[in-house]
$ cat model_28.cif   # mmCIF, C-alpha atoms
data_coords
#
loop_
_atom_site.label_atom_id
_atom_site.label_comp_id
_atom_site.auth_asym_id
_atom_site.auth_seq_id
_atom_site.Cartn_x
_atom_site.Cartn_y
_atom_site.Cartn_z
CA MET D 13 -100.78 40.32 164.85
CA ILE D 14 -100.40 37.89 167.73
CA ASP D 15 -98.85 34.62 166.59
CA VAL D 16 -100.39 32.21 169.10
CA ALA D 17 -98.04 29.35 168.18
CA ASN D 18 -94.86 31.44 168.44
CA GLY D 19 -95.81 33.92 171.17
CA SER D 20 -95.43 37.30 169.48
CA VAL D 21 -96.63 40.64 170.89
CA VAL D 22 -99.01 43.37 169.68
CA GLU D 23 -98.42 46.91 170.88
CA HIS D 24 -101.38 49.24 170.41
CA GLY D 25 -99.73 52.44 171.59
CA ARG D 26 -101.63 55.56 170.65
CA ASP D 27 -104.46 53.88 168.69
CA GLU D 28 -106.41 53.04 171.87
CA LEU D 29 -109.30 55.34 170.89
CA ALA D 30 -109.50 53.76 167.43
CA ARG D 31 -109.95 50.35 169.15
CA SER D 32 -112.66 51.58 171.55
CA VAL D 33 -116.45 51.70 171.39
CA TRP D 34 -119.39 52.72 173.54
CA TYR D 35 -121.62 49.73 174.17
CA SER D 36 -124.67 49.80 176.45
CA GLY D 37 -123.17 52.36 178.81
CA TYR D 38 -119.66 50.83 178.83
CA LEU D 39 -116.37 51.92 177.32
CA LEU D 40 -114.93 48.84 175.61
CA THR D 41 -111.37 48.65 174.25
CA PHE D 42 -110.51 45.70 172.02
CA LEU D 43 -107.06 44.55 173.18
CA ALA D 44 -106.90 41.30 171.16
CA THR D 45 -109.35 40.33 168.42
CA VAL D 46 -110.20 37.26 166.37
CA GLU D 47 -107.99 38.57 163.54
CA GLU D 48 -105.02 39.14 165.83
CA THR D 49 -105.16 35.79 167.64
CA GLY D 50 -106.04 33.56 164.72
CA GLY D 51 -109.40 32.96 166.40
CA ALA D 52 -107.91 31.52 169.61
CA TYR D 53 -109.29 34.18 171.98
CA SER D 54 -110.35 37.80 172.33
CA LEU D 55 -109.54 40.20 175.14
CA VAL D 56 -111.62 43.31 175.84
CA GLU D 57 -111.14 45.89 178.58
CA GLU D 58 -114.53 47.05 179.89
CA VAL D 59 -115.10 50.16 181.99
CA GLY D 60 -118.56 50.60 183.46
CA ARG D 61 -120.34 52.93 185.84
CA ARG D 62 -123.25 51.91 188.05
CA GLY D 63 -126.44 53.67 187.00
CA ILE D 64 -125.18 54.21 183.44
CA SER D 65 -123.85 50.82 182.29
CA ALA D 66 -126.52 48.21 181.61
CA GLU D 67 -126.45 44.94 183.50
CA PRO D 68 -127.00 42.11 181.03
CA PRO D 69 -129.98 39.80 181.34
CA MET D 70 -129.40 36.15 182.19
CA HIS D 71 -127.96 34.57 179.05
CA VAL D 72 -126.03 31.50 177.93
CA HIS D 73 -123.16 31.18 175.44
CA SER D 74 -123.08 28.03 173.32
CA ARG D 75 -119.66 28.58 171.72
CA GLU D 76 -117.14 30.28 173.98
CA SER D 77 -115.87 30.20 177.52
CA GLU D 78 -115.87 33.64 179.04
CA ALA D 79 -113.79 34.94 181.94
CA PHE D 80 -113.79 38.25 183.77
CA TYR D 81 -110.68 39.49 185.60
CA LEU D 82 -111.50 42.43 187.86
CA LEU D 83 -108.93 45.21 187.83
CA GLU D 84 -110.98 47.78 189.78
CA GLY D 85 -114.34 47.78 191.52
CA ARG D 86 -116.75 45.10 192.69
CA MET D 87 -119.23 42.95 190.77
CA THR D 88 -121.68 40.17 191.55
CA PHE D 89 -121.99 37.28 189.11
CA TRP D 90 -124.77 34.72 188.92
CA VAL D 91 -123.43 31.56 187.30
CA GLY D 92 -126.05 28.84 187.09
CA GLU D 93 -127.31 28.60 190.68
CA ARG D 94 -124.18 30.23 192.18
CA ARG D 95 -123.79 33.83 193.31
CA ILE D 96 -120.19 35.05 193.23
CA GLU D 97 -119.08 38.35 194.74
CA ALA D 98 -115.87 39.49 193.07
CA GLY D 99 -113.36 42.27 193.60
CA PRO D 100 -109.96 43.36 192.28
CA GLY D 101 -107.62 40.49 191.47
CA MET D 102 -110.40 37.90 191.15
CA LEU D 103 -111.06 35.86 188.01
CA VAL D 104 -114.59 34.59 187.37
CA SER D 105 -114.80 31.81 184.77
CA LEU D 106 -118.03 31.22 182.85
CA PRO D 107 -118.08 27.98 180.83
CA PRO D 108 -120.27 27.63 177.74
CA GLY D 109 -123.73 26.23 178.36
CA ILE D 110 -124.07 27.75 181.85
CA PRO D 111 -126.54 30.66 182.22
CA HIS D 112 -124.99 33.77 183.74
CA ARG D 113 -125.31 37.48 184.30
CA PHE D 114 -123.62 40.15 186.41
CA ALA D 115 -124.27 43.36 188.31
CA LEU D 116 -121.98 46.27 189.15
CA GLU D 117 -121.65 46.73 192.91
CA SER D 118 -119.24 49.67 193.02
CA ASP D 119 -119.64 53.06 191.38
CA GLU D 120 -117.11 52.12 188.68
CA VAL D 121 -115.58 48.87 187.47
CA ARG D 122 -112.70 48.07 185.17
CA VAL D 123 -112.49 44.47 184.04
CA LEU D 124 -110.79 42.34 181.41
CA ASN D 125 -113.16 40.09 179.47
CA LEU D 126 -111.53 37.04 177.85
CA CYS D 127 -113.48 34.87 175.39
CA ALA D 128 -112.14 31.64 173.91
CA PRO D 129 -112.43 30.96 171.10
CA ALA D 130 -112.55 34.50 169.73
CA GLY D 131 -115.39 36.02 167.76
CA PHE D 132 -117.85 37.25 170.38
CA GLU D 133 -116.26 40.70 170.25
CA GLY D 134 -118.17 41.05 166.96
CA PHE D 135 -121.40 41.14 168.99
CA PHE D 136 -120.14 44.22 170.85
CA ARG D 137 -119.01 45.88 167.62
CA GLU D 138 -122.43 45.39 165.99
CA LEU D 139 -124.31 46.97 168.89
CA SER D 140 -121.94 49.86 169.64
CA VAL D 141 -120.76 53.19 168.33
CA PRO D 142 -117.14 54.36 168.03
CA ALA D 143 -116.05 55.97 171.29
CA PRO D 144 -115.39 59.70 170.80
CA SER D 145 -113.35 59.74 174.02
CA MET D 146 -111.82 57.28 176.48
CA GLU D 147 -114.64 57.81 178.98
CA VAL D 148 -117.80 55.93 179.91
CA PRO D 149 -120.62 57.31 177.75
CA PRO D 150 -123.16 59.68 179.24
CA PRO D 151 -126.54 58.26 180.29
CA SER D 152 -128.81 57.44 177.36
CA ASP D 153 -132.49 58.30 177.04
CA GLU D 154 -132.98 55.74 174.28
CA PRO D 155 -134.73 52.51 175.29
CA LEU D 156 -132.95 49.21 174.76
CA ASP D 157 -133.80 47.65 171.40
CA VAL D 158 -134.59 44.20 172.80
CA PRO D 159 -135.47 42.51 169.47
CA ARG D 160 -132.15 43.69 167.96
CA LEU D 161 -130.24 42.50 171.06
CA VAL D 162 -131.89 39.05 170.97
CA GLU D 163 -131.37 38.66 167.19
CA THR D 164 -127.73 39.76 167.32
CA ALA D 165 -127.00 37.54 170.32
CA ALA D 166 -128.52 34.53 168.53
CA ARG D 167 -126.20 35.04 165.54
CA TYR D 168 -123.27 34.77 167.98
CA GLY D 169 -124.60 31.60 169.62
CA VAL D 170 -125.98 33.37 172.71
CA GLU D 171 -129.48 32.85 174.03
CA ILE D 172 -131.05 35.65 176.08
CA LEU D 173 -133.13 33.95 178.78
CA PRO D 174 -136.47 35.25 180.06
CA PRO D 175 -136.53 36.87 183.50
CA PRO D 176 -137.33 34.47 186.34
CA ALA D 177 -140.99 34.11 187.26
CA SER D 178 -141.85 36.17 190.31
#
$ encode --input "model_28.cif" --output "structure tokens"
Amino acid sequence: MIDVANGSVVEHGRDELARSVWYSGYLLTFLATVEETGGAYSLVEEVGRRGISAEPPMHVHSRESEAFYLLEGRMTFWVGERRIEAGPGMLVSLPPGIPHRFALESDEVRVLNLCAPAGFEGFFRELSVPAPSMEVPPPSDEPLDVPRLVETAARYGVEILPPPAS
């Protein structure tokens, strides 16, 4: 357990696979969860591959700030009216109440996703399956269950926005 007030450390060691899931074409590893941080924040490592990993629709969080720190690869973020091209070593901050989405620009990305306060990692857990290996999942033939995505997102204070009119 991470003691936020006193600055303790959690070492995951060999249980990395037990903390990992396949979500929407991504390999997610939960590095710090609501239980471990007393609700202060969550930290998730996300590995995605262009053509396999889904790019989220425009959406808006009402509860948490979200930040992405790129470790490997390139991504484009749309934050409100801004377009941000990001690469390794860049941090993109997404405040609550601001619509956003992202796209993968390189063949593979590895990014840290920080949410404060914690809790949004539950959304990923609900819509994922345990990862059988520490690899990006294979392509899926199953269509996205949009009603389930929208309903689950709403329970976590996230609104999925309609696509822009063409």
$ closest_residue --input "model_28.cif" --among "D:Asp157, D:Glu57, D:Glu78, D:Glu47" --to "Cys127 (chain D)" --atoms "all atoms listed in the file"
D:Glu78
$ residues_near_point --input "model_28.cif" --point "(-114.5, 51.7, 185.6)" --cutoff "12 Å" --atoms "all atoms listed in the file" --output "CSV table (one decimal) with C-alpha atoms, in the frame of the given file"
chain,number,residue,atom,x,y,z
D,37,GLY,CA,-123.2,52.4,178.8
D,38,TYR,CA,-119.7,50.8,178.8
D,39,LEU,CA,-116.4,51.9,177.3
D,40,LEU,CA,-114.9,48.8,175.6
D,57,GLU,CA,-111.1,45.9,178.6
D,58,GLU,CA,-114.5,47.0,179.9
D,59,VAL,CA,-115.1,50.2,182.0
D,60,GLY,CA,-118.6,50.6,183.5
D,61,ARG,CA,-120.3,52.9,185.8
D,62,ARG,CA,-123.2,51.9,188.0
D,64,ILE,CA,-125.2,54.2,183.4
D,65,SER,CA,-123.8,50.8,182.3
D,82,LEU,CA,-111.5,42.4,187.9
D,83,LEU,CA,-108.9,45.2,187.8
D,84,GLU,CA,-111.0,47.8,189.8
D,85,GLY,CA,-114.3,47.8,191.5
D,86,ARG,CA,-116.8,45.1,192.7
D,87,MET,CA,-119.2,43.0,190.8
D,100,PRO,CA,-110.0,43.4,192.3
D,116,LEU,CA,-122.0,46.3,189.2
D,117,GLU,CA,-121.6,46.7,192.9
D,118,SER,CA,-119.2,49.7,193.0
D,119,ASP,CA,-119.6,53.1,191.4
D,120,GLU,CA,-117.1,52.1,188.7
D,121,VAL,CA,-115.6,48.9,187.5
D,122,ARG,CA,-112.7,48.1,185.2
D,123,VAL,CA,-112.5,44.5,184.0
D,124,LEU,CA,-110.8,42.3,181.4
D,146,MET,CA,-111.8,57.3,176.5
D,147,GLU,CA,-114.6,57.8,179.0
D,148,VAL,CA,-117.8,55.9,179.9
D,149,PRO,CA,-120.6,57.3,177.8
$ residues_around --input "model_28.cif" --residues "Ala128 (chain D)" --least-positions-apart "5" --cutoff "6 Å" --atoms "only C-alpha atoms" --output "JSON, numbers by chain"
{"D": [53, 76, 77]}
$ atom_distance --input "model_28.cif" --atom1 "CA of His71 (chain D)" --atom2 "CA of Val104 (chain D)"
15.7 Å
$ closest_residue --input "model_28.cif" --among "D:Ala166, D:Leu29, D:Val91, D:Ser36" --to "Asp153 (chain D)" --atoms "only C-alpha atoms"
D:Ser36
$ resolve_selection --input "model_28.cif" --expression "the PyMOL selection byres ((chain D and resi 114) around 9)" --output "PyMOL selection string"
chain D and resi 67-70+87-91+112-113+115-116
$ resolve_selection --input "model_28.cif" --expression "the PyMOL selection byres ((chain D and resi 44) around 10)" --output "ChimeraX atom specification"
/D:13-14,22,24,31,41-43,45-49,51-57,126,130,133
$ atom_distance --input "model_28.cif" --atom1 "CA of Tyr81 (chain D)" --atom2 "CA of Ile96 (chain D)"
13.0 Å
$ closest_residue --input "model_28.cif" --among "D:Pro129, D:Leu139, D:Ser152, D:Glu171" --to "Ile110 (chain D)" --atoms "only C-alpha atoms"
D:Glu171
$ resolve_selection --input "model_28.cif" --expression "the PyMOL selection byres ((chain D and resi 169) around 7)" --output "ChimeraX atom specification"
/D:73-75,165-168,170-171
$ closest_residue --input "model_28.cif" --among "D:Val72, D:Val33, D:Ile172, D:Gly131" --to "Arg160 (chain D)" --atoms "only C-alpha atoms"
D:Ile172
$ axis_aligned_box --input "model_28.cif" --around "region 59-75 of chain D" --padding-each-side "4 Å" --output "AutoDock Vina command-line options"
--center_x -122.5 --center_y 41.1 --center_z 179.9 --size_x 22.9 --size_y 34.2 --size_z 24.3
$ atom_distance --input "model_28.cif" --atom1 "CA of Tyr35 (chain D)" --atom2 "CA of Gly99 (chain D)"
22.4 Å
